[in-house]
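Trainee: Handing over final.txt, compact mmCIF, C-alpha atoms.
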# COMPACT_ATOMS: atom_id res chain seq x y z
CA MET P 1 0.42 9.31 9.63
CA LYS P 2 1.23 7.14 6.69
CA CYS P 3 -0.29 3.70 7.11
CA LEU P 4 1.61 0.93 5.49
CA ASN P 5 0.38 -2.22 3.84
CA TRP P 6 3.15 -3.02 1.41
CA THR P 7 1.47 -6.16 0.11
CA ILE P 8 -1.81 -4.97 -1.37
CA ILE P 9 -0.51 -4.15 -4.84
CA PHE P 10 2.31 -6.64 -5.31
CA ILE P 11 0.56 -9.84 -4.32
CA LEU P 12 -0.46 -11.90 -7.28
CA MET P 13 -0.08 -12.72 -10.91
CA ASN P 14 1.51 -15.62 -12.75
CA SER P 15 3.02 -18.68 -11.18
CA SER P 16 6.66 -18.32 -10.21
CA ALA P 17 7.40 -20.77 -13.00
CA PHE P 18 6.02 -18.33 -15.53
CA GLY P 19 7.44 -15.00 -14.37
CA MET P 20 6.06 -12.33 -12.09
CA VAL P 21 4.73 -9.27 -13.80
CA ALA P 22 5.76 -5.72 -12.76
CA GLY P 23 8.62 -3.80 -11.27
CA GLY P 24 9.37 -6.24 -8.51
CA ARG P 25 5.89 -5.86 -7.06
CA PRO P 26 3.62 -8.76 -8.04
CA ASN P 27 5.50 -11.44 -6.16
CA ALA P 28 3.25 -13.34 -3.83
CA ILE P 29 3.13 -15.04 -0.47
CA SER P 30 3.18 -18.54 -1.96
CA GLY P 31 5.79 -17.94 -4.66
CA GLY P 32 8.16 -15.49 -6.28
CA HIS P 33 10.23 -14.91 -9.38
CA ASN P 34 12.51 -11.90 -9.05
CA ALA P 35 14.84 -10.26 -6.55
CA PHE P 36 11.87 -8.72 -4.69
CA ALA P 37 10.38 -12.11 -3.79
CA GLY P 38 11.59 -11.90 -0.19
CA VAL P 39 9.93 -8.52 0.33
CA VAL P 40 6.48 -10.14 0.27
CA ASN P 41 7.44 -13.42 1.95
CA PRO P 42 11.05 -13.74 3.16
CA ALA P 43 10.86 -17.53 2.81
CA ASN P 44 10.48 -17.25 -0.98
CA ALA P 45 13.87 -15.74 -1.68
CA VAL P 46 15.98 -18.90 -1.31
CA TRP P 47 14.17 -20.50 -4.27
CA ILE P 48 15.10 -17.60 -6.62
CA ASP P 49 18.13 -17.63 -8.95
CA ASP P 50 20.83 -14.98 -8.53
CA ARG P 51 19.65 -11.74 -10.12
CA PHE P 52 19.03 -8.04 -9.77
CA ASP P 53 15.95 -6.09 -10.84
CA LEU P 54 15.03 -2.48 -11.64
CA GLY P 55 11.47 -1.22 -11.93
CA LEU P 56 9.51 1.95 -12.76
CA PHE P 57 5.98 2.37 -11.40
CA VAL P 58 3.61 5.11 -12.69
CA VAL P 59 0.15 5.80 -11.23
CA HIS P 60 -2.60 7.95 -12.70
CA GLN P 61 -5.11 8.94 -10.02
CA ARG P 62 -8.27 11.04 -10.04
CA SER P 63 -10.24 12.08 -6.97
CA SER P 64 -13.08 14.55 -6.49
CA PHE P 65 -15.49 15.80 -3.82
CA ASN P 66 -18.79 17.25 -5.05
CA ASN P 67 -20.60 19.87 -2.96
CA GLU P 68 -24.10 19.31 -4.37
CA ASN P 69 -26.06 21.70 -2.13
CA ASP P 70 -23.55 24.60 -2.07
CA ASN P 71 -22.47 24.15 1.54
CA PRO P 72 -20.76 27.52 2.32
CA LEU P 73 -17.84 25.83 4.12
CA PHE P 74 -16.69 24.32 0.81
CA PRO P 75 -16.28 25.68 -2.72
CA PRO P 76 -19.43 25.15 -4.78
CA GLY P 77 -19.69 22.21 -7.16
CA LYS P 78 -16.99 19.64 -7.82
CA ILE P 79 -13.67 19.99 -6.00
CA ASP P 80 -10.68 18.39 -7.73
CA LEU P 81 -8.61 16.72 -4.99
CA THR P 82 -5.79 15.76 -7.36
CA TYR P 83 -5.16 19.15 -8.95
CA LYS P 84 -1.73 18.90 -10.63
CA THR P 85 -1.05 15.66 -8.72
CA ASN P 86 -2.64 13.16 -11.08
CA TYR P 87 0.62 11.31 -11.75
CA LEU P 88 2.81 9.57 -9.18
CA THR P 89 6.12 7.96 -10.15
CA THR P 90 8.42 5.71 -8.13
CA ALA P 91 11.40 3.44 -8.85
CA ASP P 92 12.56 0.19 -7.25
CA ALA P 93 15.78 -1.82 -7.18
CA ALA P 94 16.80 -5.16 -5.67
CA ILE P 95 19.71 -7.61 -5.76
CA HIS P 96 19.62 -11.26 -4.69
CA LYS P 97 22.29 -13.90 -4.11
CA ARG P 98 22.09 -17.57 -3.10
CA PHE P 99 24.76 -19.43 -1.15
CA LYS P 100 25.50 -23.05 -0.29
CA VAL P 101 27.72 -24.03 2.62
CA LYS P 102 28.11 -27.83 2.72
CA GLU P 103 24.48 -29.03 2.70
CA THR P 104 22.96 -25.71 3.85
CA GLU P 105 21.33 -23.46 1.24
CA PHE P 106 20.44 -19.86 2.06
CA SER P 107 20.11 -16.49 0.36
CA ILE P 108 20.55 -12.80 1.07
CA SER P 109 18.62 -10.05 -0.72
CA LEU P 110 18.70 -6.27 -0.53
CA ALA P 111 15.81 -4.20 -1.90
CA THR P 112 14.84 -0.55 -1.94
CA TYR P 113 11.33 0.49 -2.93
CA THR P 114 8.45 2.88 -2.31
CA THR P 115 5.28 1.38 -0.89
CA PRO P 116 2.25 1.43 -3.21
CA ASN P 117 0.15 3.66 -0.94
CA TYR P 118 2.02 6.81 -1.94
CA VAL P 119 -0.47 9.71 -1.53
CA ARG P 120 -0.55 13.23 -2.95
CA LEU P 121 -3.76 15.26 -2.70
CA HIS P 122 -4.03 18.88 -3.79
CA THR P 123 -6.82 21.43 -4.34
CA LYS P 124 -6.66 24.45 -6.60
CA ASP P 125 -8.29 26.74 -4.05
CA PRO P 126 -8.45 26.88 -0.25
CA LEU P 127 -11.33 25.13 1.51
CA PRO P 128 -13.13 27.67 3.75
CA ILE P 129 -13.67 24.99 6.40
CA SER P 130 -9.93 24.24 6.67
CA GLY P 131 -7.73 27.23 6.03
CA THR P 132 -6.49 30.08 3.87
CA THR P 133 -4.24 28.25 1.40
CA PRO P 134 -4.98 25.33 -0.95
CA ILE P 135 -5.00 21.85 0.58
CA PHE P 136 -1.85 19.84 -0.08
CA VAL P 137 -1.30 16.49 1.65
CA GLU P 138 1.60 14.19 0.81
CA ASP P 139 2.51 10.84 2.39
CA LYS P 140 5.32 8.64 1.14
CA THR P 141 7.02 5.60 2.63
CA GLN P 142 10.37 4.39 1.32
CA VAL P 143 11.84 1.10 2.49
CA ILE P 144 15.18 -0.66 2.49
CA SER P 145 14.75 -4.39 3.16
CA SER P 146 17.49 -6.88 3.95
CA VAL P 147 16.16 -10.41 3.54
CA PHE P 148 17.61 -13.69 4.81
CA SER P 149 16.06 -16.96 3.61
CA LEU P 150 16.96 -20.51 4.60
CA LYS P 151 16.01 -23.75 2.81
CA LEU P 152 15.28 -26.42 5.42
CA ASN P 153 14.73 -29.15 2.81
CA GLU P 154 13.10 -29.56 -0.61
CA HIS P 155 9.68 -28.88 0.89
CA HIS P 156 10.19 -26.13 3.48
CA SER P 157 11.93 -22.77 3.79
CA ILE P 158 11.81 -19.96 6.34
CA GLY P 159 13.03 -16.39 6.30
CA PHE P 160 13.02 -12.98 7.89
CA SER P 161 13.39 -9.41 6.68
CA LEU P 162 14.77 -6.43 8.58
CA ASP P 163 13.17 -3.32 7.12
CA TYR P 164 14.20 0.31 7.46
CA PHE P 165 11.25 2.65 6.90
CA TYR P 166 11.69 6.30 5.92
CA LEU P 167 8.39 8.19 6.00
CA SER P 168 7.74 11.65 4.54
CA HIS P 169 4.75 13.89 5.27
CA ARG P 170 3.54 17.35 4.27
CA ARG P 171 0.27 19.07 5.20
CA ASN P 172 -0.81 22.50 3.93
CA GLY P 173 -4.08 24.45 4.14
CA PHE P 174 -5.26 23.66 7.70
CA GLN P 175 -4.75 27.07 9.35
CA HIS P 176 -8.13 27.00 11.13
CA ALA P 177 -6.89 24.18 13.38
CA ASP P 178 -3.65 25.99 14.26
CA ASN P 179 -4.69 27.58 17.54
CA PRO P 180 -4.83 26.62 21.25
CA LEU P 181 -8.56 25.88 21.10
CA ARG P 182 -8.22 23.20 18.42
CA SER P 183 -4.68 21.83 18.74
CA VAL P 184 -2.49 20.50 21.55
CA SER P 185 0.59 21.96 19.81
CA PRO P 186 -0.17 25.20 17.93
CA GLY P 187 2.52 26.00 15.42
CA HIS P 188 2.92 22.31 14.55
CA VAL P 189 -0.25 21.91 12.49
CA THR P 190 0.14 23.08 8.91
CA ASN P 191 2.41 24.59 6.24
CA ASN P 192 5.64 23.53 7.95
CA GLY P 193 7.27 21.93 4.92
CA LEU P 194 8.23 18.31 4.44
CA ASP P 195 8.73 16.29 7.62
CA HIS P 196 10.25 12.84 8.11
CA SER P 197 10.27 9.93 10.52
CA SER P 198 11.96 6.55 10.45
CA GLY P 199 12.22 3.22 12.20
CA LEU P 200 12.84 -0.49 11.86
CA GLY P 201 10.40 -3.30 11.16
CA LEU P 202 10.46 -7.08 11.01
CA SER P 203 8.80 -9.60 8.68
CA LEU P 204 8.74 -13.40 9.01
CA GLY P 205 7.83 -16.02 6.44
CA TRP P 206 7.37 -19.74 5.82
CA ARG P 207 6.95 -21.59 2.53
CA TRP P 208 5.79 -25.18 2.12
CA ASN P 209 6.08 -26.95 -1.22
CA ILE P 210 3.32 -29.47 -0.58
CA SER P 211 3.90 -31.11 -3.96
CA LYS P 212 5.37 -30.21 -7.34
CA SER P 213 2.05 -28.61 -8.22
CA LEU P 214 0.92 -27.06 -4.93
CA HIS P 215 2.77 -24.44 -2.86
CA PHE P 216 1.69 -22.71 0.34
CA GLY P 217 3.05 -19.54 1.93
CA LEU P 218 2.55 -17.73 5.21
CA ALA P 219 3.89 -14.25 6.04
CA PHE P 220 3.73 -12.03 9.12
CA ILE P 221 4.62 -8.34 9.49
CA LYS P 222 5.18 -7.14 13.03
CA LYS P 223 3.61 -3.89 14.22
CA SER P 224 6.49 -1.43 14.62
CA TYR P 225 6.96 2.12 15.85
CA VAL P 226 8.63 4.24 13.15
CA GLY P 227 9.09 7.66 14.68
CA GLN P 228 7.16 10.92 14.87
CA TYR P 229 6.34 13.83 12.57
CA ARG P 230 7.45 16.57 14.95
CA LYS P 231 6.47 19.40 12.58
CA TYR P 232 2.86 18.12 12.55
CA ARG P 233 2.48 16.78 16.08
CA GLY P 234 -0.27 19.33 16.65
CA TYR P 235 -2.55 17.77 14.01
CA GLU P 236 -2.08 14.01 13.65
CA PRO P 237 -3.43 11.74 16.44
CA HIS P 238 -1.11 10.65 19.27
CA HIS P 239 1.16 13.63 18.55
CA ALA P 240 1.89 12.30 15.03
CA LYS P 241 3.52 9.05 16.14
CA ASN P 242 3.80 6.56 13.29
CA TYR P 243 3.42 2.81 13.19
CA ILE P 244 3.67 0.02 10.65
CA PRO P 245 0.53 -2.11 11.12
CA GLU P 246 0.55 -5.82 11.80
CA THR P 247 -0.25 -7.90 8.71
CA ILE P 248 -0.83 -11.62 8.28
CA GLY P 249 -1.14 -13.26 4.86
CA ALA P 250 -1.51 -16.79 3.55
CA GLY P 251 -1.88 -18.20 0.06
CA PHE P 252 -1.67 -21.12 -2.33
CA THR P 253 -0.20 -21.46 -5.81
CA TYR P 254 -1.37 -24.39 -7.93
CA LEU P 255 -0.02 -25.55 -11.31
CA PHE P 256 -2.99 -26.96 -13.19
CA THR P 257 -0.80 -27.95 -16.15
CA GLU P 258 2.73 -27.26 -17.34
CA LYS P 259 1.41 -24.04 -18.88
CA LEU P 260 -1.39 -22.87 -16.57
CA ALA P 261 -1.12 -21.83 -12.91
CA GLY P 262 -3.42 -20.12 -10.45
CA ARG P 263 -3.16 -18.39 -7.12
CA LEU P 264 -5.43 -17.65 -4.16
CA GLU P 265 -4.39 -15.45 -1.23
CA VAL P 266 -5.99 -13.81 1.80
CA LEU P 267 -4.36 -10.96 3.74
CA TRP P 268 -5.46 -9.17 6.89
CA THR P 269 -4.02 -5.87 8.12
CA ASP P 270 -4.66 -4.46 11.60
CA PHE P 271 -5.32 -0.86 10.56
CA GLY P 272 -7.91 -0.55 13.33
CA ASN P 273 -5.13 -0.59 15.94
CA LEU P 274 -3.38 2.54 14.62
CA PRO P 275 -3.78 6.14 15.83
CA THR P 276 -5.42 7.04 12.52
CA SER P 277 -8.29 4.67 13.33
CA ASN P 278 -9.76 7.60 15.30
CA ASN P 279 -12.88 8.79 13.51
CA THR P 280 -14.31 12.25 12.90
CA ILE P 281 -17.70 10.97 14.11
CA LEU P 282 -17.98 9.46 17.59
CA PRO P 283 -19.93 6.21 18.25
CA ASN P 284 -22.85 8.33 19.55
CA GLY P 285 -23.10 10.07 16.16
CA GLN P 286 -21.67 13.39 17.35
CA LEU P 287 -18.70 15.26 15.92
CA ASN P 288 -15.33 14.40 17.42
CA ARG P 289 -14.33 17.74 18.97
CA ASN P 290 -11.17 16.54 20.71
CA LYS P 291 -8.10 18.67 20.02
CA ARG P 292 -5.97 17.88 17.03
CA GLY P 293 -2.80 16.04 17.99
CA SER P 294 -4.30 14.50 21.13
CA ASN P 295 -4.74 10.76 21.64
CA ARG P 296 -8.44 11.14 20.77
CA SER P 297 -7.87 13.55 17.90
CA PRO P 298 -10.18 13.03 14.91
CA SER P 299 -8.61 11.27 11.93
CA VAL P 300 -9.51 9.19 8.88
CA GLY P 301 -11.19 6.36 10.83
CA LEU P 302 -9.16 3.42 9.54
CA GLN P 303 -10.62 -0.08 9.96
CA ASP P 304 -9.02 -3.50 9.69
CA ALA P 305 -8.60 -4.58 6.07
CA THR P 306 -9.10 -8.02 4.54
CA PHE P 307 -7.96 -8.67 0.96
CA ILE P 308 -8.83 -11.60 -1.30
CA ASN P 309 -6.54 -12.05 -4.29
CA LEU P 310 -6.88 -14.32 -7.31
CA GLY P 311 -4.48 -14.77 -10.22
CA LEU P 312 -3.94 -16.87 -13.35
CA GLY P 313 -0.82 -17.20 -15.46
CA TYR P 314 -0.32 -18.88 -18.83
CA LYS P 315 3.06 -19.83 -20.28
CA PHE P 316 3.05 -19.80 -24.08
CA ASN P 317 6.69 -20.92 -24.41
CA LYS P 318 10.00 -20.65 -22.57
CA ALA P 319 10.28 -16.95 -23.37
CA PHE P 320 6.77 -15.51 -23.07
CA SER P 321 3.96 -15.61 -20.52
CA LEU P 322 0.80 -13.64 -19.69
CA GLY P 323 -0.94 -13.11 -16.37
CA ALA P 324 -4.20 -11.70 -15.03
CA GLY P 325 -5.15 -10.91 -11.45
CA TRP P 326 -7.97 -9.56 -9.32
CA SER P 327 -7.67 -8.08 -5.84
CA HIS P 328 -10.72 -7.35 -3.69
CA ARG P 329 -10.74 -5.50 -0.39
CA ILE P 330 -13.79 -6.37 1.69
CA LYS P 331 -15.78 -3.17 2.17
CA LEU P 332 -16.87 -2.47 5.73
CA ARG P 333 -19.81 -0.31 6.74
CA ARG P 334 -19.38 3.35 7.55
CA HIS P 335 -22.09 3.20 10.26
CA SER P 336 -22.93 6.86 9.73
CA PRO P 337 -24.91 8.96 7.22
CA TYR P 338 -22.15 11.59 7.31
CA ILE P 339 -19.62 11.51 4.50
CA ILE P 340 -16.79 12.75 6.72
CA SER P 341 -17.07 9.58 8.81
CA ARG P 342 -14.27 7.09 8.03
CA SER P 343 -12.92 9.35 5.32
CA TYR P 344 -10.28 6.76 4.31
CA MET P 345 -13.09 5.01 2.44
CA ARG P 346 -13.25 7.86 -0.08
CA GLN P 347 -9.61 7.28 -1.13
CA THR P 348 -9.71 3.46 -1.19
CA ILE P 349 -9.84 1.28 -4.30
CA TYR P 350 -11.76 -1.88 -3.42
CA ASP P 351 -11.37 -3.81 -6.68
CA LEU P 352 -8.22 -3.92 -8.80
CA VAL P 353 -7.68 -5.91 -12.00
CA THR P 354 -4.22 -6.46 -13.46
CA LEU P 355 -2.93 -7.65 -16.83
CA GLY P 356 0.74 -8.27 -17.46
CA ALA P 357 3.33 -9.86 -19.70
CA ASN P 358 6.79 -11.28 -19.14
CA PHE P 359 9.42 -11.84 -21.84
CA ASN P 360 12.82 -13.36 -21.10
CA TYR P 361 15.83 -13.55 -23.40
CA HIS P 362 19.02 -15.27 -22.24
CA HIS P 363 19.87 -13.54 -18.93
CA HIS P 364 17.29 -10.77 -19.31
CA ASP P 365 13.73 -10.56 -17.96
CA PHE P 366 11.36 -7.85 -19.19
CA PHE P 367 8.03 -7.07 -17.54
CA ILE P 368 5.08 -4.80 -18.24
CA THR P 369 1.90 -4.57 -16.19
CA LEU P 370 -1.30 -2.55 -16.49
CA SER P 371 -3.66 -2.21 -13.52
CA HIS P 372 -7.12 -0.67 -13.31
CA GLY P 373 -8.97 0.17 -10.13
CA PHE P 374 -12.74 0.25 -10.43
CA GLU P 375 -14.18 3.65 -9.55
CA ASN P 376 -15.08 4.12 -5.91
CA ARG P 377 -18.15 6.30 -5.39
CA GLN P 378 -19.28 7.49 -1.97
CA SER P 379 -22.16 9.73 -0.93
CA GLY P 380 -23.49 11.19 2.30
CA ARG P 381 -24.41 14.36 4.11
CA MET P 382 -22.39 16.84 6.09
CA PRO P 383 -23.32 17.05 9.82
CA PRO P 384 -25.71 19.92 10.71
CA GLU P 385 -22.93 21.55 12.76
CA LEU P 386 -21.01 21.87 9.47
CA ALA P 387 -23.92 23.40 7.52
CA GLY P 388 -25.31 20.08 6.21
CA GLY P 389 -25.94 19.36 2.55
CA LYS P 390 -25.32 16.37 0.29
CA PHE P 391 -21.86 15.43 -0.98
CA ARG P 392 -20.54 12.83 -3.40
CA SER P 393 -16.96 11.64 -3.92
CA THR P 394 -15.16 9.61 -6.59
CA LYS P 395 -11.77 7.90 -6.72
CA ASN P 396 -10.10 6.38 -9.80
CA TYR P 397 -6.80 4.56 -10.16
CA ASP P 398 -4.72 3.21 -13.06
CA SER P 399 -1.07 2.18 -13.11
CA LEU P 400 1.72 1.08 -15.43
CA SER P 401 4.77 -0.86 -14.31
CA ILE P 402 7.83 -1.53 -16.46
CA ALA P 403 10.77 -3.59 -15.19
CA TRP P 404 13.96 -5.29 -16.21
CA GLY P 405 15.78 -8.09 -14.46
CA TYR P 406 19.20 -9.59 -15.08
CA LEU P 407 20.25 -13.10 -14.02
CA TYR P 408 23.96 -13.19 -13.27
Would you mind writing the file out in structure tokens?

Mentor:
Amino acid sequence: MKCLNWTIIFILMNSSAFGMVAGGRPNAISGGHNAFAGVVNPANAVWIDDRFDLGLFVVHQRSSFNNENDNPLFPPGKIDLTYKTNYLTTADAAIHKRFKVKETEFSISLATYTTPNYVRLHTKDPLPISGTTPIFVEDKTQVISSVFSLKLNEHHSIGFSLDYFYLSHRRNGFQHADNPLRSVSPGHVTNNGLDHSSGLGLSLGWRWNISKSLHFGLAFIKKSYVGQYRKYRGYEPHHAKNYIPETIGAGFTYLFTEKLAGRLEVLWTDFGNLPTSNNTILPNGQLNRNKRGSNRSPSVGLQDATFINLGLGYKFNKAFSLGAGWSHRIKLRRHSPYIISRSYMRQTIYDLVTLGANFNYHHHDFFITLSHGFENRQSGRMPPELAGGKFRSTKNYDSLSIAWGYLY
């Protein structure tokens, strides 16, 4: 299942007074600048001028798994997990309009975007432990959000977002699990083409302008059921039922001077309450041998995630500003010497730094952002039942975002 946290990339940068940096993504809980502001916190949208925005987001990823002791269940040496899938590209669009009826100010926004946790993993050769064709796993979540935001007064606003989620999933190369001994639904395990599921979600938000210099935001994403991958119900836990996890975020934006602003945010996502929180290693240290697709089926072992985000923005003049940000995900313990335990950790970037620039000219806003994820290295052994041996993994991430906004 695709697990969604559509705030971890687009959460911080410059102050809203200076311009958010990237294709609609780096709006934040305590402030926003472009038509995507209500996606992160619905309460932000009513403070944004009428505009629409288009963005292009390009990711360069690298991931490997190194079989150091020539375990016979894996190809020898380094296995490239992003063979011909190094680059991921998505596009976003949003339009925003404010209204005033007598003394009541409100806004409506419509946005379509792909969540940042778009995944494509591919091996050149089959893995003997898994199947007879190369591994190919793809997960993608596309969203259409309709945002309503209401200004209560000059200090407070509230809002909500109704979100339509469209999830896509493909899984190839897992033939060894496609039988009655290892799956609850043989024939619905692997190499069945692209599958889809969909459903609705809800987000709520509140913004408090404590003073001219200090803003506070609070956002909540409700856990929502978003359908089932029927073609792969024999592999994913809980018969491949999908959920959007609950997320709570809070943050402050502070204007130190007319030119310098900073931001601090904390977000928590309840990944540990999803079907994919099932682990391949049981609490007693033994392999999880439950059938694939069952409620206790082994999976990637997701754990709750806590993110701490910092950002600074500097406004050189009315037309140009720069921003820098840092996002840190608190790293939890694996509680096992085996590298297959909590395998999500091998594909997670725990520290991300971002540099961006915003240039505006008349009704036009231009954005460019570069992000770099520090390399994640993991090591451990394979369980004796899987022939043992030492393994190491690496994960690298870089991205470029280019966007244009028009104020109408």

Trainee: Show which residues sit within 6 Å of P:Lys140, as an MDAnalysis selection string. Count all atoms listed in the file, and ignore same-chain residues fewer than 4 positions away.

Mentor: chainID P and resid 118 167:168

Trainee: Do a neighbour search on stretch 151-158 of chain P at 6 Å with only C-alpha atoms, toss out local chain neighbours closer than 3 positions, and write the hits as a list in words.

Mentor: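 Near neighbours after the sequence-gap exclusion: Ala43, Glu105, Phe106, Gly205, Trp206, Arg207, Trp208 and Asn209 of chain P.
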
Trainee: Given all atoms listed in the file as the basis, pick out the residue of P:Leu310, P:Ile281, P:Leu302, P:Leu56 nearest to P:Thr253.

Mentor: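 Between P:Leu310, P:Ile281, P:Leu302, P:Leu56, the residue approaching P:Thr253 most closely is P:Leu310.
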
Trainee: What lies within 9 Å of P:Gly405 using only C-alpha atoms, ignoring chain neighbours under 3 positions off, as a list in words?

Mentor: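 Contacts, in chain order: Gly23, Gly24, Asn34, Ala35, Arg51, Phe52, Asp53, Leu54, Gly55, Asn360, His363, His364, Asp365, Phe366 and Phe367 of chain P.
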
Trainee: Extract, using all atoms listed in the file, all DNA, RNA and protein residues at most 10 Å from P:Ile339, discarding same-chain residues fewer than 6 positions from it, and format them as a list of chain:residue names.

Mentor: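 So the residues in contact are P:Thr280, P:Ile281, P:Met345, P:Arg346, P:Gln378, P:Ser379, P:Gly380, P:Arg381, P:Met382, P:Pro383, P:Lys390, P:Phe391, P:Arg392, P:Ser393.
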
Trainee: Per residue of stretch 8-114 of chain P within 12 Å of stretch 123-135 of chain P, what are the shortest atom pair and its distance in Å to one decimal, counting only C-alpha atoms, with rows by chain and residue number, as a Markdown table?

Mentor:
| residue | atom | partner | partner_atom | distance |
| --- | --- | --- | --- | --- |
| P:Arg62 | CA | P:Thr123 | CA | 11.9 |
| P:Ser63 | CA | P:Thr123 | CA | 10.3 |
| P:Ser64 | CA | P:Thr123 | CA | 9.5 |
| P:Phe65 | CA | P:Thr123 | CA | 10.4 |
| P:Asn67 | CA | P:Leu127 | CA | 11.6 |
| P:Asn71 | CA | P:Ile129 | CA | 10.1 |
| P:Pro72 | CA | P:Pro128 | CA | 7.8 |
| P:Leu73 | CA | P:Ile129 | CA | 4.8 |
| P:Phe74 | CA | P:Leu127 | CA | 5.5 |
| P:Pro75 | CA | P:Leu127 | CA | 6.5 |
| P:Pro76 | CA | P:Leu127 | CA | 10.3 |
| P:Lys78 | CA | P:Thr123 | CA | 10.9 |
| P:Ile79 | CA | P:Thr123 | CA | 7.2 |
| P:Asp80 | CA | P:Thr123 | CA | 6.0 |
| P:Leu81 | CA | P:Thr123 | CA | 5.1 |
| P:Thr82 | CA | P:Thr123 | CA | 6.5 |
| P:Tyr83 | CA | P:Thr123 | CA | 5.4 |
| P:Lys84 | CA | P:Lys124 | CA | 8.4 |
| P:Thr85 | CA | P:Thr123 | CA | 9.3 |
| P:Asn86 | CA | P:Thr123 | CA | 11.5 |

Trainee: Can you tell me how far atom CA of P:Leu274 sits from atom CA of P:Ile244, in Å to one decimal?

Mentor: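 Computing the Euclidean distance for atom CA of P:Leu274 and atom CA of P:Ile244 yields 8.5 Å.
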
Trainee: Could you tell me which of P:His169, P:Arg342, P:Arg333, P:Lys315 comes closest to P:Arg230 if we count all atoms listed in the file?

Mentor: P:His169

Trainee: What is the atom CA of P:His372-atom CA of P:Arg170 distance in Å, reported with one decimal?

Mentor: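 So the two atoms, atom CA of P:His372 and atom CA of P:Arg170, lie 27.3 Å apart.
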
Trainee: Work out how far apart atom CA of P:Phe374 and atom CA of P:Val40 are and give it in Å to one decimal.

Mentor: 24.3 Å

Trainee: Taking only residues of stretch 24-80 of chain P that have an atom at most 12 Å from an atom of stretch 218-227 of chain P, what is each one's shortest atom pair and its distance in Å to one decimal, using only C-alpha atoms, in chain and number order, as JSON lines?

Mentor:
{"residue": "P:Ala28", "atom": "CA", "partner": "P:Ala219", "partner_atom": "CA", "distance": 9.9}
{"residue": "P:Ile29", "atom": "CA", "partner": "P:Leu218", "partner_atom": "CA", "distance": 6.3}
{"residue": "P:Ser30", "atom": "CA", "partner": "P:Leu218", "partner_atom": "CA", "distance": 7.2}
{"residue": "P:Gly31", "atom": "CA", "partner": "P:Leu218", "partner_atom": "CA", "distance": 10.4}
{"residue": "P:Ala37", "atom": "CA", "partner": "P:Ala219", "partner_atom": "CA", "distance": 12.0}
{"residue": "P:Gly38", "atom": "CA", "partner": "P:Ala219", "partner_atom": "CA", "distance": 10.2}
{"residue": "P:Val39", "atom": "CA", "partner": "P:Ala219", "partner_atom": "CA", "distance": 10.1}
{"residue": "P:Val40", "atom": "CA", "partner": "P:Ala219", "partner_atom": "CA", "distance": 7.5}
{"residue": "P:Asn41", "atom": "CA", "partner": "P:Ala219", "partner_atom": "CA", "distance": 5.5}
{"residue": "P:Pro42", "atom": "CA", "partner": "P:Ala219", "partner_atom": "CA", "distance": 7.7}
{"residue": "P:Ala43", "atom": "CA", "partner": "P:Ala219", "partner_atom": "CA", "distance": 8.4}
{"residue": "P:Asn44", "atom": "CA", "partner": "P:Leu218", "partner_atom": "CA", "distance": 10.1}

Trainee: Taking into account all atoms listed in the file, which residue in the set P:Ala319, P:Ala93, P:Ile308, P:Leu287 is nearest to P:Phe252?

Mentor: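 The closest residue to P:Phe252 is P:Ile308.
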
Trainee: Using the file's own x, y and z axes, so that the box edges lie along x, y and z, what centre and edge lengths in Å (one decimal) does a box around every listed atom of stretch 215-220 of chain P get when 3 Å is added on each side? Give it as JSON.

Mentor:
{"center_x": 2.8, "center_y": -18.2, "center_z": 3.1, "size_x": 8.2, "size_y": 18.4, "size_z": 18.0}

Trainee: Give the answer as one residue: which of P:Asn317, P:Asn279, P:Ser401, P:Thr348 has the shortest atom-to-atom distance to P:Ala91, using all atoms listed in the file?

Mentor: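 Checking each of P:Asn317, P:Asn279, P:Ser401, P:Thr348 against P:Ala91, counting all atoms listed in the file, the winner is P:Ser401.
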
Trainee: Using only C-alpha atoms, which of P:Pro275, P:Gly373, P:Gly249, P:Gly234 sits nearest P:Asp178?

Mentor: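 Checking each of P:Pro275, P:Gly373, P:Gly249, P:Gly234 against P:Asp178, counting only C-alpha atoms, the winner is P:Gly234.
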
Trainee: Pull the neighbourhood of (-2.4, 0.4, -13.1) for me: all residues within 7 Å in file coordinates, counting all atoms listed in the file, as an MDAnalysis selection string.

Mentor: chainID P and resid 59 370:372 397:400

Trainee: From the options P:Leu200, P:Val46, P:Leu355, P:Val143, which residue's atoms come nearest to P:His96, counting all atoms listed in the file?

Mentor: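 Among the listed residues, the smallest separation from P:His96 belongs to P:Val46.
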
Trainee: Give me, as a list in words, all polymer residues having an atom no more than 9 Å from P:Gly272, counting only C-alpha atoms and skipping those fewer than 3 positions away in the same chain.

Mentor: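 Returned residues: Pro245, Thr269, Pro275, Thr276, Ser277, Asn278, Gly301, Leu302, Gln303, Asp304 and Ala305 of chain P.
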